[in-house]
Structure formats: structure tokens, C-alpha cells
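Source file: upload.pdb. Holds: PDB, C-alpha atoms.
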```
ATOM      1  CA  MET A   1       0.000   0.000   0.000  1.00  0.00           C
ATOM      2  CA  ARG A   2       1.317   3.430  -0.897  1.00  0.00           C
ATOM      3  CA  SER A   3       1.289   6.388   1.452  1.00  0.00           C
ATOM      4  CA  VAL A   4      -0.772   9.471   0.673  1.00  0.00           C
ATOM      5  CA  TYR A   5       0.521  12.831   1.848  1.00  0.00           C
ATOM      6  CA  ARG A   6      -1.467  16.064   1.917  1.00  0.00           C
ATOM      7  CA  HIS A   7       0.408  19.327   1.437  1.00  0.00           C
ATOM      8  CA  GLY A   8      -1.701  22.470   1.176  1.00  0.00           C
ATOM      9  CA  ASP A   9      -4.615  21.840  -1.183  1.00  0.00           C
ATOM     10  CA  ASN A  10      -2.866  18.950  -2.952  1.00  0.00           C
ATOM     11  CA  ALA A  11      -2.576  15.238  -2.262  1.00  0.00           C
ATOM     12  CA  TYR A  12       0.375  13.100  -3.330  1.00  0.00           C
ATOM     13  CA  ILE A  13       1.214   9.415  -3.538  1.00  0.00           C
ATOM     14  CA  ILE A  14       4.663   8.919  -2.026  1.00  0.00           C
ATOM     15  CA  LYS A  15       6.494   6.556  -4.371  1.00  0.00           C
ATOM     16  CA  ASP A  16       9.892   6.695  -2.639  1.00  0.00           C
ATOM     17  CA  GLN A  17      11.827   8.464   0.112  1.00  0.00           C
ATOM     18  CA  LYS A  18      15.555   9.063   0.416  1.00  0.00           C
ATOM     19  CA  PRO A  19      17.581  10.739   3.172  1.00  0.00           C
ATOM     20  CA  ILE A  20      18.739  14.237   2.240  1.00  0.00           C
ATOM     21  CA  SER A  21      22.343  13.101   2.752  1.00  0.00           C
ATOM     22  CA  TYR A  22      21.882  10.537  -0.061  1.00  0.00           C
ATOM     23  CA  PHE A  23      22.243  13.371  -2.597  1.00  0.00           C
ATOM     24  CA  GLY A  24      25.360  15.022  -1.147  1.00  0.00           C
ATOM     25  CA  LYS A  25      28.903  14.200  -2.236  1.00  0.00           C
ATOM     26  CA  ILE A  26      30.059  13.997   1.382  1.00  0.00           C
ATOM     27  CA  LEU A  27      28.121  13.634   4.622  1.00  0.00           C
ATOM     28  CA  GLY A  28      26.885  16.991   5.884  1.00  0.00           C
ATOM     29  CA  GLU A  29      27.152  18.708   2.501  1.00  0.00           C
ATOM     30  CA  ALA A  30      24.122  20.395   0.963  1.00  0.00           C
ATOM     31  CA  PRO A  31      22.291  18.093  -1.466  1.00  0.00           C
ATOM     32  CA  ASN A  32      22.941  18.405  -5.177  1.00  0.00           C
ATOM     33  CA  MET A  33      19.498  19.372  -6.498  1.00  0.00           C
ATOM     34  CA  GLU A  34      20.425  18.229 -10.007  1.00  0.00           C
ATOM     35  CA  TYR A  35      20.754  14.683  -8.619  1.00  0.00           C
ATOM     36  CA  VAL A  36      17.408  15.061  -6.850  1.00  0.00           C
ATOM     37  CA  GLN A  37      15.797  16.101 -10.153  1.00  0.00           C
ATOM     38  CA  MET A  38      17.369  13.190 -12.041  1.00  0.00           C
ATOM     39  CA  TYR A  39      16.224  10.715  -9.386  1.00  0.00           C
ATOM     40  CA  MET A  40      12.697  12.161  -9.502  1.00  0.00           C
ATOM     41  CA  GLN A  41      12.576  11.623 -13.274  1.00  0.00           C
ATOM     42  CA  TRP A  42      14.018   8.113 -12.980  1.00  0.00           C
ATOM     43  CA  ARG A  43      11.290   7.200 -10.447  1.00  0.00           C
ATOM     44  CA  GLU A  44       8.694   8.708 -12.833  1.00  0.00           C
ATOM     45  CA  CYS A  45       7.481  11.199 -10.248  1.00  0.00           C
ATOM     46  CA  ASP A  46       6.170  14.695 -10.893  1.00  0.00           C
ATOM     47  CA  HIS A  47       6.870  16.348  -7.539  1.00  0.00           C
ATOM     48  CA  VAL A  48       9.416  16.294  -4.698  1.00  0.00           C
ATOM     49  CA  LEU A  49       8.645  17.268  -1.122  1.00  0.00           C
ATOM     50  CA  ARG A  50      11.203  17.690   1.631  1.00  0.00           C
ATOM     51  CA  ASN A  51      10.958  17.374   5.386  1.00  0.00           C
ATOM     52  CA  GLU A  52      13.703  17.729   8.007  1.00  0.00           C
ATOM     53  CA  THR A  53      15.417  14.454   7.073  1.00  0.00           C
ATOM     54  CA  HIS A  54      14.139  13.124   3.729  1.00  0.00           C
ATOM     55  CA  PHE A  55      13.135  13.941   0.181  1.00  0.00           C
ATOM     56  CA  MET A  56       9.767  12.411  -0.718  1.00  0.00           C
ATOM     57  CA  PHE A  57       9.316  11.555  -4.385  1.00  0.00           C
ATOM     58  CA  CYS A  58       5.657  11.873  -5.251  1.00  0.00           C
ATOM     59  CA  GLU A  59       2.983  11.544  -7.875  1.00  0.00           C
ATOM     60  CA  THR A  60       0.295  14.233  -7.718  1.00  0.00           C
ATOM     61  CA  ILE A  61      -3.251  12.936  -7.265  1.00  0.00           C
ATOM     62  CA  LYS A  62      -5.280  14.768  -9.887  1.00  0.00           C
ATOM     63  CA  ASP A  63      -8.765  16.094  -9.193  1.00  0.00           C
ATOM     64  CA  ALA A  64     -11.497  14.099 -10.884  1.00  0.00           C
ATOM     65  CA  GLU A  65     -12.922  15.719 -14.003  1.00  0.00           C
ATOM     66  CA  TYR A  66     -16.445  14.968 -15.119  1.00  0.00           C
ATOM     67  CA  GLU A  67     -19.093  16.272 -17.486  1.00  0.00           C
ATOM     68  CA  LEU A  68     -22.813  16.335 -16.966  1.00  0.00           C
ATOM     69  CA  ASP A  69     -24.831  14.747 -19.760  1.00  0.00           C
ATOM     70  CA  GLY A  70     -27.216  17.684 -19.970  1.00  0.00           C
ATOM     71  CA  ASP A  71     -29.692  16.453 -17.383  1.00  0.00           C
ATOM     72  CA  SER A  72     -29.872  18.753 -14.409  1.00  0.00           C
ATOM     73  CA  ILE A  73     -29.928  17.402 -10.909  1.00  0.00           C
ATOM     74  CA  ASP A  74     -32.660  19.066  -8.860  1.00  0.00           C
TER
END
```
Rendering of file as C-alpha cells:
Amino acid sequence: MRSVYRHGDNAYIIKDQKPISYFGKILGEAPNMEYVQMYMQWRECDHVLRNETHFMFCETIKDAEYELDGDSID
């Protein structure tokens, strides 16, 4: 089962998480955001969220779109 995470008005499916340090060349160094972007694309995600310790690689849950068939609901 995949985790769902709400952030603001959006909901995301968390496909993967990696420690922030995973994307630095040496421990304690700031993460290389180019590597984060490449990993996001490799995991086929469309969004990355970050908390204090991890990057969360996510897929945005789209709002449902529908059309009425012309009949009104009263």
C-alpha cells in the first residue's frame, strides 16, 4: 500500500523516500538538487517534497474531471 501525503490543497502518492544526505557528495554537505531532479525523473514522479530528514518523491493525485450529460440534478 502506498502512502498518501497532503500538502496544502494537494494530495500526493509517495512513491519513494531518500535521506537528504543521499544526494550530497560527502556527509553533511548540501544536497545536489540536479541529482534530486534526475532521481525524480528516474522514479517517474512529478513532484518532490522535503521534510527535516528526507526527500519524498511523489505523484500528484489529480482532481477528478467529469461532465454532466445535460440532465440537471434538482
I would like the residues chosen by the PyMOL selection byres ((chain A and resi 35-41) around 12) on the shown file; could you give them as a PyMOL selection string? chain A and resi 14-25+30-34+42-50+54-59
Selection near A:Ile13, 7 Å with all atoms listed in the file, sequence-local residues under 5 positions removed, as a PyMOL selection string: chain A and resi 2-5+58-61
Create the file for the chosen residues now, containing C-alpha atoms and written as a CSV table (one decimal), in the frame of the given file.
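result-v4.csv, freshly written:
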```
chain,number,residue,atom,x,y,z
A,2,ARG,CA,1.3,3.4,-0.9
A,3,SER,CA,1.3,6.4,1.5
A,4,VAL,CA,-0.8,9.5,0.7
A,5,TYR,CA,0.5,12.8,1.8
A,58,CYS,CA,5.7,11.9,-5.3
A,59,GLU,CA,3.0,11.5,-7.9
A,60,THR,CA,0.3,14.2,-7.7
A,61,ILE,CA,-3.3,12.9,-7.3
```
Centre and size of axis-aligned box enclosing stretch 42-58 of chain A plus 6 Å each side, as JSON:
```
{"center_x": 10.5, "center_y": 12.5, "center_z": -2.5, "size_x": 21.8, "size_y": 22.5, "size_z": 33.0}
```
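Here atom CA of A:Ala64 and atom CA of A:Asp9 stand 14.2 Å from one another.
Across the structure, atom CA of A:Thr53 and atom CA of A:His7 are spaced 16.8 Å apart.
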